[in-house]
Amino acid sequence: MAQSKYIQSVKDATRQRPRSTEWYKDKIKEFGTPGPMDLIRDGKRDTKPFYGKLNMFVYDPKWKKKLPYYDTFPLVLPIEDYTDGFLGINMHYLPIPLRIKLLDRLVDFTNNPKFDESTRIVADYKRLKSIKLIKPTIHRYLAGQTKSDFRRIDADEFTIATLLPVQRFRKASAGTVWKESRAMI
């Protein structure tokens with residue numbers, strides 16, 4: 001299957017019926033792992049992050065030489081705006097089972113139960129900091145270091161995006177990052 005419209009293809013395969021996390025994982029394996037730019041091109045994009053939604057984008061940290069590791073293709077929920085960037089929750093810093101647990105907690109902060117384009121997660125760091133799973137996921141992103149448009153992930157795509165194994169860690173393996181994240185929780 002071609003990589004274009006990847007998330008939509010997984011959504012279409014559900015035929016509007018509720019599916020388990022395992023079903024989504026199996027379908028993602030069946031379709032293969034898309035490339036970062038394929039995912040960005042396929043969706044609704046902007047040069048600024050979409051608050052209240054998950055976002056995918058290409059990132060090149062300013063201080064990467066000093067960081068022990070970093071993700072160049074984050075899946076982030078921006079939660080605070082700054083003049084030079086934003087603070088966000090990067091789901092990739094957790095292994096997939098913990099990402100799903102965190103997503104379950106985050107949806108408690110949605111503005112409506114529709115889980116469509118109008119649904120937003122309405123919360124800032126102050127409201128979320130008591131969730132233990134948040135600690136390893138909080139990262140600051142500088143506006144000048146984003147290297148692509150932001151791809152908006154609407155609520156009906158949250159689960160699919162969270163399950164995608166598209167993290168791009170540098171200077172450490174995903175296993176090492178996730179081990180350290182677990183130790184922080």
# chains A, B, ... in the order shown; residues from 1 in each chain; ligands from 1
call {"tool": "select_by_dssp", "arguments": {"residues": "segment 74-173 of chain A", "states": "strand (DSSP E)", "output": "JSON, numbers by chain"}}
result
{"A": [75, 76, 77, 78, 79, 80, 81, 82, 85, 86, 87, 88, 89, 90, 138, 139, 140, 141, 142, 150, 151, 152, 153, 169, 170]}
call {"tool": "write_last_selection", "arguments": {"atoms": "N, CA and C atoms", "output": "PDB file, in the first residue's frame"}}
result
ATOM      1  N   LEU A  75       5.701  13.814  18.333  1.00  0.00           N
ATOM      2  CA  LEU A  75       4.238  13.800  18.348  1.00  0.00           C
ATOM      3  C   LEU A  75       3.865  14.545  19.619  1.00  0.00           C
ATOM      4  N   VAL A  76       3.468  15.808  19.471  1.00  0.00           N
ATOM      5  CA  VAL A  76       3.379  16.720  20.612  1.00  0.00           C
ATOM      6  C   VAL A  76       1.994  17.336  20.763  1.00  0.00           C
ATOM      7  N   LEU A  77       1.570  17.422  22.027  1.00  0.00           N
ATOM      8  CA  LEU A  77       0.408  18.216  22.398  1.00  0.00           C
ATOM      9  C   LEU A  77       0.955  19.511  22.982  1.00  0.00           C
ATOM     10  N   PRO A  78       0.895  20.632  22.232  1.00  0.00           N
ATOM     11  CA  PRO A  78       1.366  21.906  22.790  1.00  0.00           C
ATOM     12  C   PRO A  78       0.445  22.340  23.932  1.00  0.00           C
ATOM     13  N   ILE A  79       1.045  22.740  25.063  1.00  0.00           N
ATOM     14  CA  ILE A  79       0.217  23.117  26.216  1.00  0.00           C
ATOM     15  C   ILE A  79       0.456  24.539  26.705  1.00  0.00           C
ATOM     16  N   GLU A  80       1.575  25.145  26.332  1.00  0.00           N
ATOM     17  CA  GLU A  80       1.823  26.544  26.705  1.00  0.00           C
ATOM     18  C   GLU A  80       2.566  27.240  25.581  1.00  0.00           C
ATOM     19  N   ASP A  81       2.135  28.448  25.277  1.00  0.00           N
ATOM     20  CA  ASP A  81       2.710  29.247  24.204  1.00  0.00           C
ATOM     21  C   ASP A  81       3.735  30.214  24.791  1.00  0.00           C
ATOM     22  N   TYR A  82       4.878  30.362  24.120  1.00  0.00           N
ATOM     23  CA  TYR A  82       5.903  31.329  24.494  1.00  0.00           C
ATOM     24  C   TYR A  82       6.218  32.170  23.268  1.00  0.00           C
ATOM     25  N   GLY A  85       8.463  30.006  21.086  1.00  0.00           N
ATOM     26  CA  GLY A  85       8.144  28.600  20.880  1.00  0.00           C
ATOM     27  C   GLY A  85       7.016  28.151  21.784  1.00  0.00           C
ATOM     28  N   PHE A  86       7.110  26.918  22.246  1.00  0.00           N
ATOM     29  CA  PHE A  86       6.036  26.384  23.090  1.00  0.00           C
ATOM     30  C   PHE A  86       6.536  25.236  23.958  1.00  0.00           C
ATOM     31  N   LEU A  87       5.761  24.937  24.983  1.00  0.00           N
ATOM     32  CA  LEU A  87       5.972  23.782  25.845  1.00  0.00           C
ATOM     33  C   LEU A  87       4.985  22.714  25.407  1.00  0.00           C
ATOM     34  N   GLY A  88       5.442  21.466  25.330  1.00  0.00           N
ATOM     35  CA  GLY A  88       4.539  20.426  24.870  1.00  0.00           C
ATOM     36  C   GLY A  88       4.817  19.071  25.476  1.00  0.00           C
ATOM     37  N   ILE A  89       3.853  18.198  25.318  1.00  0.00           N
ATOM     38  CA  ILE A  89       3.941  16.806  25.756  1.00  0.00           C
ATOM     39  C   ILE A  89       4.273  15.977  24.526  1.00  0.00           C
ATOM     40  N   ASN A  90       5.477  15.404  24.498  1.00  0.00           N
ATOM     41  CA  ASN A  90       5.896  14.560  23.376  1.00  0.00           C
ATOM     42  C   ASN A  90       5.612  13.107  23.741  1.00  0.00           C
ATOM     43  N   ILE A 138       7.502  16.150  28.913  1.00  0.00           N
ATOM     44  CA  ILE A 138       7.489  17.615  28.820  1.00  0.00           C
ATOM     45  C   ILE A 138       8.784  18.114  28.180  1.00  0.00           C
ATOM     46  N   HIS A 139       8.630  18.850  27.090  1.00  0.00           N
ATOM     47  CA  HIS A 139       9.790  19.407  26.383  1.00  0.00           C
ATOM     48  C   HIS A 139       9.453  20.782  25.840  1.00  0.00           C
ATOM     49  N   ARG A 140      10.480  21.605  25.741  1.00  0.00           N
ATOM     50  CA  ARG A 140      10.346  22.952  25.198  1.00  0.00           C
ATOM     51  C   ARG A 140      10.795  22.914  23.745  1.00  0.00           C
ATOM     52  N   TYR A 141      10.019  23.524  22.866  1.00  0.00           N
ATOM     53  CA  TYR A 141      10.322  23.558  21.436  1.00  0.00           C
ATOM     54  C   TYR A 141      10.479  25.006  20.996  1.00  0.00           C
ATOM     55  N   LEU A 142      11.596  25.300  20.365  1.00  0.00           N
ATOM     56  CA  LEU A 142      11.879  26.654  19.890  1.00  0.00           C
ATOM     57  C   LEU A 142      11.369  26.822  18.463  1.00  0.00           C
ATOM     58  N   PHE A 150       3.550  22.003  10.752  1.00  0.00           N
ATOM     59  CA  PHE A 150       2.941  21.186  11.799  1.00  0.00           C
ATOM     60  C   PHE A 150       1.775  20.442  11.163  1.00  0.00           C
ATOM     61  N   ARG A 151       1.706  19.139  11.393  1.00  0.00           N
ATOM     62  CA  ARG A 151       0.612  18.320  10.882  1.00  0.00           C
ATOM     63  C   ARG A 151      -0.375  18.136  12.022  1.00  0.00           C
ATOM     64  N   ARG A 152      -1.590  18.613  11.840  1.00  0.00           N
ATOM     65  CA  ARG A 152      -2.618  18.519  12.869  1.00  0.00           C
ATOM     66  C   ARG A 152      -3.182  17.108  12.941  1.00  0.00           C
ATOM     67  N   ILE A 153      -3.299  16.601  14.160  1.00  0.00           N
ATOM     68  CA  ILE A 153      -3.915  15.301  14.412  1.00  0.00           C
ATOM     69  C   ILE A 153      -5.213  15.574  15.157  1.00  0.00           C
ATOM     70  N   PHE A 169      14.568   9.067  17.453  1.00  0.00           N
ATOM     71  CA  PHE A 169      15.515   9.496  18.479  1.00  0.00           C
ATOM     72  C   PHE A 169      16.925   9.513  17.919  1.00  0.00           C
ATOM     73  N   ARG A 170      17.696  10.487  18.365  1.00  0.00           N
ATOM     74  CA  ARG A 170      19.104  10.604  18.021  1.00  0.00           C
ATOM     75  C   ARG A 170      19.913  10.500  19.314  1.00  0.00           C
TER      76      ARG A 170
END
call {"tool": "select_by_dssp", "arguments": {"residues": "segment 70-157 of chain A", "states": "alpha helix (DSSP H)", "output": "PyMOL selection string"}}
result
chain A and resi 96-106+125-128
call {"tool": "residues_around", "arguments": {"residues": "Met56 of chain A", "least_positions_apart": "6", "cutoff": "12 Å", "atoms": "only C-alpha atoms", "output": "PyMOL selection string"}}
result
chain A and resi 35-50+71-78+88-92+146-154+158+161-162+164+166-168
call {"tool": "atom_distance", "arguments": {"atom1": "atom CA of Lys114 of chain A", "atom2": "atom CA of Asp12 of chain A"}}
result
17.8 Å
call {"tool": "residues_around", "arguments": {"residues": "segment 126-135 of chain A", "least_positions_apart": "2", "cutoff": "7 Å", "atoms": "only C-alpha atoms", "output": "list of chain:residue names"}}
result
A:Leu102, A:Ala123, A:Asp124, A:Thr137, A:Ile138, A:Met184, A:Ile185
call {"tool": "atom_distance", "arguments": {"atom1": "atom CA of Tyr51 of chain A", "atom2": "atom CA of Asp156 of chain A"}}
result
15.7 Å
